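Q: Encoded as structure tokens, here's the structure I'll be asking about.
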Amino acid sequence: MALYALTVGAFAIGMTEFVIMGLLPEVAADLQVSIPSAGLLITGYALGVALGAPFITMATHKMQRKALLLLLMAIFIVGNALAALAPNYAVLMVARIVAALTHGSFFGVGSVVAAELVPKEKRAGAIAIMFTGLTLANILGVPIGTFLGQAYGWRSPFWAITAIGFVALLGVILLVPKVKAAPSSLGQELGVLRRPAVHVALLMTVFGFGGVFTAFTYITPILVDITGFSPGSVSYILVLFGLGITIGNIYGGKLADRNLLPSLAGILVLLAAVLVLLGLTDHVKILTLITVFVFGVAAFGTVPGLQLHMLNTAKEAPTLASTLNIAAFNLGNAFGAYLGGVVIDMQLGGGLRAVPYAAALVTVVGILFTLWGIRQHKNASRAGSR
């Protein structure tokens, strides 16, 4: 039950991150800013996650983990309530950044707590259960939030998220046991960052997952302008993608528990192949639907394994390392979205048609770093056996 309390928190945070995408016109009109300016609310959130999470974690590294989760969820509630009440664009941006500061640390600390609640052979599966909240936020939270925003004003989804945040807060209070932080100094926490294996693990995440957002950021224009789907049907196709990421997240966790690095490498190879297939089939509707579903499976099949690998790589400072890995996911998202935009703007390889191939190349880089990580792991195992 403690895992499901964390899942509710993950759902609320995932909904906060993504719901604004469907409400940019309403926000822009109400606050009298341009749509590109409203779009910066997404950028501000991503930067808040990537830059704020490590500092929050370092500042709170001695806190008891349940207390830290409660603090993070309280800040999250305040951020979303402030967003719902924001009188102008500047206050809304501040509110988004306040909420974003909790994102990386919640998933980082939550991953550590989830992994410690179960036997060692089920740790990736436990992390996957928590991350199911993030996948459900895409399937259910964002469409419902978009509907609420369009029907009752863009502030209503933020009130709904605030209420869900209270539910998560109560769940943590009642269900999550006290898990002490491992005794360590700040110097010891930061010391793991000097280890090459940690650098490689972060690069595995940045590039291994970066390919996902290189393509997914522009999935709507691909489906409409290339495949020929109507704009109104895209939301239903994204639900199909969401079902895929839910399945991938669950089974990716199971595979990671069985054989972590080889299974992770295999899923990344599948992801690269699916992205190439998307570029080859995106002019045929039925094939595109199948490919989008498998894309979702492969995309989030990587998440539990990447997170668990970081926990295993930096056992002396699991909270900081786990949080940095969440920041690496967001850096991969930002880098991938930027790269896809460059391909389109510069009409490289045909512009929009080349985006899936660019995404596949990013994933291939992630595969190379994963193979490097496997080599490091084998060398460390040999050294330990001597």
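Residues are referred to by chain and number: the chain letter is A, B, ... according to the order shown in the structure tokens, the number counts from 1 in that chain, and ligands are numbered separately from 1 in the order shown.
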Write out as a PDB file with N, CA and C atoms, in the first residue's frame each polymer residue whose atoms come within 8 Å of stretch 342-359 of chain A, counting only C-alpha atoms; drop sequence neighbours fewer than 4 positions from it.
A:
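Contents of part_37.pdb, as written:
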```
ATOM      1  N   GLY A 210      16.528  10.314 -24.213  1.00  0.00           N
ATOM      2  CA  GLY A 210      16.423  11.525 -25.026  1.00  0.00           C
ATOM      3  C   GLY A 210      15.810  11.270 -26.390  1.00  0.00           C
ATOM      4  N   GLY A 211      16.063  10.073 -26.945  1.00  0.00           N
ATOM      5  CA  GLY A 211      15.476   9.751 -28.243  1.00  0.00           C
ATOM      6  C   GLY A 211      13.964   9.708 -28.204  1.00  0.00           C
ATOM      7  N   VAL A 212      13.400   9.360 -27.033  1.00  0.00           N
ATOM      8  CA  VAL A 212      11.941   9.297 -26.903  1.00  0.00           C
ATOM      9  C   VAL A 212      11.329  10.667 -27.179  1.00  0.00           C
ATOM     10  N   PHE A 213      11.849  11.715 -26.525  1.00  0.00           N
ATOM     11  CA  PHE A 213      11.251  13.036 -26.678  1.00  0.00           C
ATOM     12  C   PHE A 213      11.667  13.720 -27.973  1.00  0.00           C
ATOM     13  N   THR A 214      12.753  13.266 -28.602  1.00  0.00           N
ATOM     14  CA  THR A 214      13.077  13.783 -29.929  1.00  0.00           C
ATOM     15  C   THR A 214      11.917  13.529 -30.877  1.00  0.00           C
ATOM     16  N   ALA A 215      11.299  12.353 -30.766  1.00  0.00           N
ATOM     17  CA  ALA A 215      10.165  12.006 -31.620  1.00  0.00           C
ATOM     18  C   ALA A 215       8.833  12.404 -31.004  1.00  0.00           C
ATOM     19  N   PRO A 221       2.263  16.713 -35.094  1.00  0.00           N
ATOM     20  CA  PRO A 221       2.426  17.065 -36.510  1.00  0.00           C
ATOM     21  C   PRO A 221       2.764  15.868 -37.384  1.00  0.00           C
ATOM     22  N   ILE A 222       3.488  14.885 -36.855  1.00  0.00           N
ATOM     23  CA  ILE A 222       3.770  13.686 -37.651  1.00  0.00           C
ATOM     24  C   ILE A 222       2.466  12.972 -37.993  1.00  0.00           C
ATOM     25  N   ILE A 226       1.802  14.088 -41.805  1.00  0.00           N
ATOM     26  CA  ILE A 226       2.394  13.010 -42.607  1.00  0.00           C
ATOM     27  C   ILE A 226       1.442  11.829 -42.735  1.00  0.00           C
ATOM     28  N   ALA A 272      15.280   1.864 -30.587  1.00  0.00           N
ATOM     29  CA  ALA A 272      15.894   2.420 -31.800  1.00  0.00           C
ATOM     30  C   ALA A 272      15.248   1.850 -33.056  1.00  0.00           C
ATOM     31  N   LEU A 275      11.771   3.360 -33.608  1.00  0.00           N
ATOM     32  CA  LEU A 275      11.844   4.734 -34.115  1.00  0.00           C
ATOM     33  C   LEU A 275      12.144   4.748 -35.620  1.00  0.00           C
ATOM     34  N   VAL A 276      13.046   3.875 -36.042  1.00  0.00           N
ATOM     35  CA  VAL A 276      13.298   3.755 -37.487  1.00  0.00           C
ATOM     36  C   VAL A 276      12.035   3.292 -38.199  1.00  0.00           C
ATOM     37  N   LEU A 278       8.996   3.804 -37.291  1.00  0.00           N
ATOM     38  CA  LEU A 278       8.046   4.919 -37.351  1.00  0.00           C
ATOM     39  C   LEU A 278       8.315   5.784 -38.570  1.00  0.00           C
ATOM     40  N   GLY A 279       9.600   6.023 -38.873  1.00  0.00           N
ATOM     41  CA  GLY A 279       9.937   6.802 -40.069  1.00  0.00           C
ATOM     42  C   GLY A 279       9.567   6.101 -41.355  1.00  0.00           C
ATOM     43  N   GLY A 336      16.263  16.353 -26.490  1.00  0.00           N
ATOM     44  CA  GLY A 336      15.573  15.692 -27.584  1.00  0.00           C
ATOM     45  C   GLY A 336      14.595  16.607 -28.295  1.00  0.00           C
ATOM     46  N   TYR A 338      14.711  19.849 -28.419  1.00  0.00           N
ATOM     47  CA  TYR A 338      15.482  20.866 -29.145  1.00  0.00           C
ATOM     48  C   TYR A 338      16.035  20.296 -30.445  1.00  0.00           C
ATOM     49  N   THR A 363      19.073   7.476 -29.623  1.00  0.00           N
ATOM     50  CA  THR A 363      18.960   6.230 -28.869  1.00  0.00           C
ATOM     51  C   THR A 363      20.176   5.336 -29.074  1.00  0.00           C
TER      52      THR A 363
END
```
Q: Contacts of stretch 85-97 of chain A at 7 Å or less, counting only C-alpha atoms, minus same-chain residues fewer than 6 places along, as a PyMOL selection string?
A: chain A and resi 31+41+44-45+48+79
Q: Within 8 Å of A:Leu268, counting only C-alpha atoms, which residues show up once you throw out same-chain ones fewer than 3 positions away? Write them as a PyMOL selection string, please.
A: chain A and resi 208+264-265+271-272+298+302+363-364+366-367
Q: What would the file look like if the residues just selected were written as a PDB file, in the first residue's frame with all heavy atoms?
A:
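Heads up, here's the output in selection_39.pdb:
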```pdb
ATOM      1  N   GLY A 208      19.690   7.601 -23.725  1.00  0.00           N
ATOM      2  CA  GLY A 208      18.786   6.463 -23.869  1.00  0.00           C
ATOM      3  C   GLY A 208      17.332   6.879 -23.874  1.00  0.00           C
ATOM      4  O   GLY A 208      16.513   6.328 -24.615  1.00  0.00           O
ATOM      5  N   LEU A 264      18.196  -4.003 -20.307  1.00  0.00           N
ATOM      6  CA  LEU A 264      18.136  -2.586 -20.638  1.00  0.00           C
ATOM      7  C   LEU A 264      18.707  -2.330 -22.028  1.00  0.00           C
ATOM      8  O   LEU A 264      18.123  -1.582 -22.832  1.00  0.00           O
ATOM      9  CB  LEU A 264      18.907  -1.778 -19.593  1.00  0.00           C
ATOM     10  CG  LEU A 264      18.909  -0.256 -19.738  1.00  0.00           C
ATOM     11  CD1 LEU A 264      17.491   0.300 -19.810  1.00  0.00           C
ATOM     12  CD2 LEU A 264      19.668   0.379 -18.582  1.00  0.00           C
ATOM     13  N   ALA A 265      19.829  -2.969 -22.340  1.00  0.00           N
ATOM     14  CA  ALA A 265      20.411  -2.831 -23.678  1.00  0.00           C
ATOM     15  C   ALA A 265      19.452  -3.355 -24.740  1.00  0.00           C
ATOM     16  O   ALA A 265      19.274  -2.736 -25.808  1.00  0.00           O
ATOM     17  CB  ALA A 265      21.747  -3.575 -23.741  1.00  0.00           C
ATOM     18  N   LEU A 271      13.850   0.044 -28.937  1.00  0.00           N
ATOM     19  CA  LEU A 271      13.403   1.424 -29.077  1.00  0.00           C
ATOM     20  C   LEU A 271      13.979   2.055 -30.340  1.00  0.00           C
ATOM     21  O   LEU A 271      13.245   2.711 -31.106  1.00  0.00           O
ATOM     22  CB  LEU A 271      13.821   2.229 -27.846  1.00  0.00           C
ATOM     23  CG  LEU A 271      13.514   3.735 -27.861  1.00  0.00           C
ATOM     24  CD1 LEU A 271      12.014   3.989 -28.021  1.00  0.00           C
ATOM     25  CD2 LEU A 271      14.027   4.387 -26.582  1.00  0.00           C
ATOM     26  N   ALA A 272      15.280   1.864 -30.587  1.00  0.00           N
ATOM     27  CA  ALA A 272      15.894   2.420 -31.800  1.00  0.00           C
ATOM     28  C   ALA A 272      15.248   1.850 -33.056  1.00  0.00           C
ATOM     29  O   ALA A 272      14.974   2.571 -34.024  1.00  0.00           O
ATOM     30  CB  ALA A 272      17.394   2.146 -31.795  1.00  0.00           C
ATOM     31  N   ALA A 298       8.329   0.402 -25.653  1.00  0.00           N
ATOM     32  CA  ALA A 298       9.788   0.467 -25.608  1.00  0.00           C
ATOM     33  C   ALA A 298      10.273   1.703 -24.862  1.00  0.00           C
ATOM     34  O   ALA A 298      11.280   1.652 -24.145  1.00  0.00           O
ATOM     35  CB  ALA A 298      10.348   0.464 -27.028  1.00  0.00           C
ATOM     36  N   THR A 302      12.407   1.355 -20.617  1.00  0.00           N
ATOM     37  CA  THR A 302      13.761   1.706 -20.196  1.00  0.00           C
ATOM     38  C   THR A 302      13.807   2.328 -18.800  1.00  0.00           C
ATOM     39  O   THR A 302      14.852   2.289 -18.135  1.00  0.00           O
ATOM     40  CB  THR A 302      14.383   2.717 -21.171  1.00  0.00           C
ATOM     41  OG1 THR A 302      13.639   3.953 -21.125  1.00  0.00           O
ATOM     42  CG2 THR A 302      14.370   2.193 -22.598  1.00  0.00           C
ATOM     43  N   THR A 363      19.073   7.476 -29.623  1.00  0.00           N
ATOM     44  CA  THR A 363      18.960   6.230 -28.869  1.00  0.00           C
ATOM     45  C   THR A 363      20.176   5.336 -29.074  1.00  0.00           C
ATOM     46  O   THR A 363      20.630   4.665 -28.139  1.00  0.00           O
ATOM     47  CB  THR A 363      17.679   5.478 -29.267  1.00  0.00           C
ATOM     48  OG1 THR A 363      16.554   6.350 -29.119  1.00  0.00           O
ATOM     49  CG2 THR A 363      17.461   4.251 -28.401  1.00  0.00           C
ATOM     50  N   VAL A 364      20.711   5.321 -30.284  1.00  0.00           N
ATOM     51  CA  VAL A 364      21.919   4.538 -30.557  1.00  0.00           C
ATOM     52  C   VAL A 364      23.083   5.015 -29.683  1.00  0.00           C
ATOM     53  O   VAL A 364      23.862   4.206 -29.161  1.00  0.00           O
ATOM     54  CB  VAL A 364      22.293   4.608 -32.054  1.00  0.00           C
ATOM     55  CG1 VAL A 364      23.693   4.051 -32.290  1.00  0.00           C
ATOM     56  CG2 VAL A 364      21.279   3.833 -32.884  1.00  0.00           C
ATOM     57  N   GLY A 366      22.700   6.275 -26.764  1.00  0.00           N
ATOM     58  CA  GLY A 366      22.365   5.694 -25.463  1.00  0.00           C
ATOM     59  C   GLY A 366      22.759   4.227 -25.376  1.00  0.00           C
ATOM     60  O   GLY A 366      23.228   3.758 -24.326  1.00  0.00           O
ATOM     61  N   ILE A 367      22.595   3.477 -26.470  1.00  0.00           N
ATOM     62  CA  ILE A 367      22.997   2.069 -26.498  1.00  0.00           C
ATOM     63  C   ILE A 367      24.505   1.942 -26.306  1.00  0.00           C
ATOM     64  O   ILE A 367      24.986   1.083 -25.558  1.00  0.00           O
ATOM     65  CB  ILE A 367      22.565   1.417 -27.827  1.00  0.00           C
ATOM     66  CG1 ILE A 367      21.031   1.339 -27.906  1.00  0.00           C
ATOM     67  CG2 ILE A 367      23.173   0.024 -27.972  1.00  0.00           C
ATOM     68  CD1 ILE A 367      20.513   0.940 -29.267  1.00  0.00           C
TER      69      ILE A 367
END
```
Q: What's around A:Leu169 at 10 Å? Count only C-alpha atoms, leave out sequence neighbours fewer than 2 positions away in its own chain, and write the answer as a PyMOL selection string.
A: chain A and resi 5-6+8-9+69-74+76-77+163-167+171-174
Q: So that I can check the surroundings of A:Gln150, please list as a list in words every protein, DNA and RNA residue that reaches within 12 Å of it, counting only C-alpha atoms and ignoring chain neighbours fewer than 2 positions away.
A: Val19, Ile20, Gly22, Leu23, Leu24, Pro25, Glu26, Val27, Pro143, Ile144, Gly145, Thr146, Phe147, Leu148, Tyr152, Gly153, Trp154, Arg155, Ser156 and Pro157 of chain A
Q: What are the nearest atom pairs, with distances in Å to one decimal, for all residues of stretch 246-344 of chain A that come at most 12 Å from stretch 372-381 of chain A, using only C-alpha atoms, set out by chain and rising residue number as a tab-separated table?
A:
```
residue	atom	partner	partner_atom	distance
A:Asn259	CA	A:Ile374	CA	11.6
A:Leu260	CA	A:Ile374	CA	9.8
A:Leu261	CA	A:Ile374	CA	6.4
A:Pro262	CA	A:Ile374	CA	7.8
A:Ser263	CA	A:Ile374	CA	11.0
A:Leu264	CA	A:Ile374	CA	10.1
A:Ala265	CA	A:Ile374	CA	9.0
A:Leu306	CA	A:Gly373	CA	11.1
A:His309	CA	A:Gly373	CA	9.4
A:Met310	CA	A:Gly373	CA	10.6
A:Asn312	CA	A:His377	CA	10.3
A:Thr313	CA	A:His377	CA	8.9
```
Q: Generate the output file for the selected residues, N, CA and C atoms, as a short mmCIF file (atom, residue, chain, number, x, y, z; two decimals), in the first residue's frame.
A:
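After the write, result28.cif holds the following:
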```
data_model
loop_
_atom_site.label_atom_id
_atom_site.label_comp_id
_atom_site.auth_asym_id
_atom_site.auth_seq_id
_atom_site.Cartn_x
_atom_site.Cartn_y
_atom_site.Cartn_z
N ASN A 259 17.51 -9.46 -15.14
CA ASN A 259 18.86 -9.30 -15.68
C ASN A 259 19.01 -7.86 -16.13
N LEU A 260 19.49 -6.99 -15.25
CA LEU A 260 19.35 -5.55 -15.41
C LEU A 260 19.97 -5.00 -16.69
N LEU A 261 21.29 -5.00 -16.80
CA LEU A 261 21.94 -4.31 -17.92
C LEU A 261 21.68 -4.97 -19.27
N PRO A 262 21.75 -6.30 -19.40
CA PRO A 262 21.43 -6.89 -20.70
C PRO A 262 20.00 -6.59 -21.16
N SER A 263 19.04 -6.66 -20.24
CA SER A 263 17.65 -6.36 -20.62
C SER A 263 17.50 -4.90 -21.01
N LEU A 264 18.20 -4.00 -20.31
CA LEU A 264 18.14 -2.59 -20.64
C LEU A 264 18.71 -2.33 -22.03
N ALA A 265 19.83 -2.97 -22.34
CA ALA A 265 20.41 -2.83 -23.68
C ALA A 265 19.45 -3.36 -24.74
N LEU A 306 16.92 2.06 -16.02
CA LEU A 306 17.84 3.20 -15.92
C LEU A 306 17.91 3.72 -14.49
N HIS A 309 19.70 1.04 -12.23
CA HIS A 309 21.13 1.01 -12.52
C HIS A 309 21.85 2.15 -11.80
N MET A 310 21.24 3.32 -11.77
CA MET A 310 21.86 4.44 -11.05
C MET A 310 21.91 4.15 -9.55
N ASN A 312 22.16 1.25 -8.14
CA ASN A 312 23.20 0.25 -7.94
C ASN A 312 24.60 0.84 -8.11
N THR A 313 24.72 1.81 -8.99
CA THR A 313 26.02 2.41 -9.29
C THR A 313 26.51 3.31 -8.17
#
```
Q: Identify which of the residues A:Val78, A:Ala328, A:Leu175, A:Leu3 lies closest to A:Gly110, counting only C-alpha atoms when measuring atom-to-atom distances.
A: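 Comparing A:Val78, A:Ala328, A:Leu175, A:Leu3 against A:Gly110, the winner is A:Leu3.
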Q: State, in Å with one decimal place, the distance from atom CA of A:Ala321 to atom CA of A:Leu101.
A: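 Between atom CA of A:Ala321 and atom CA of A:Leu101 the gap is 16.2 Å.
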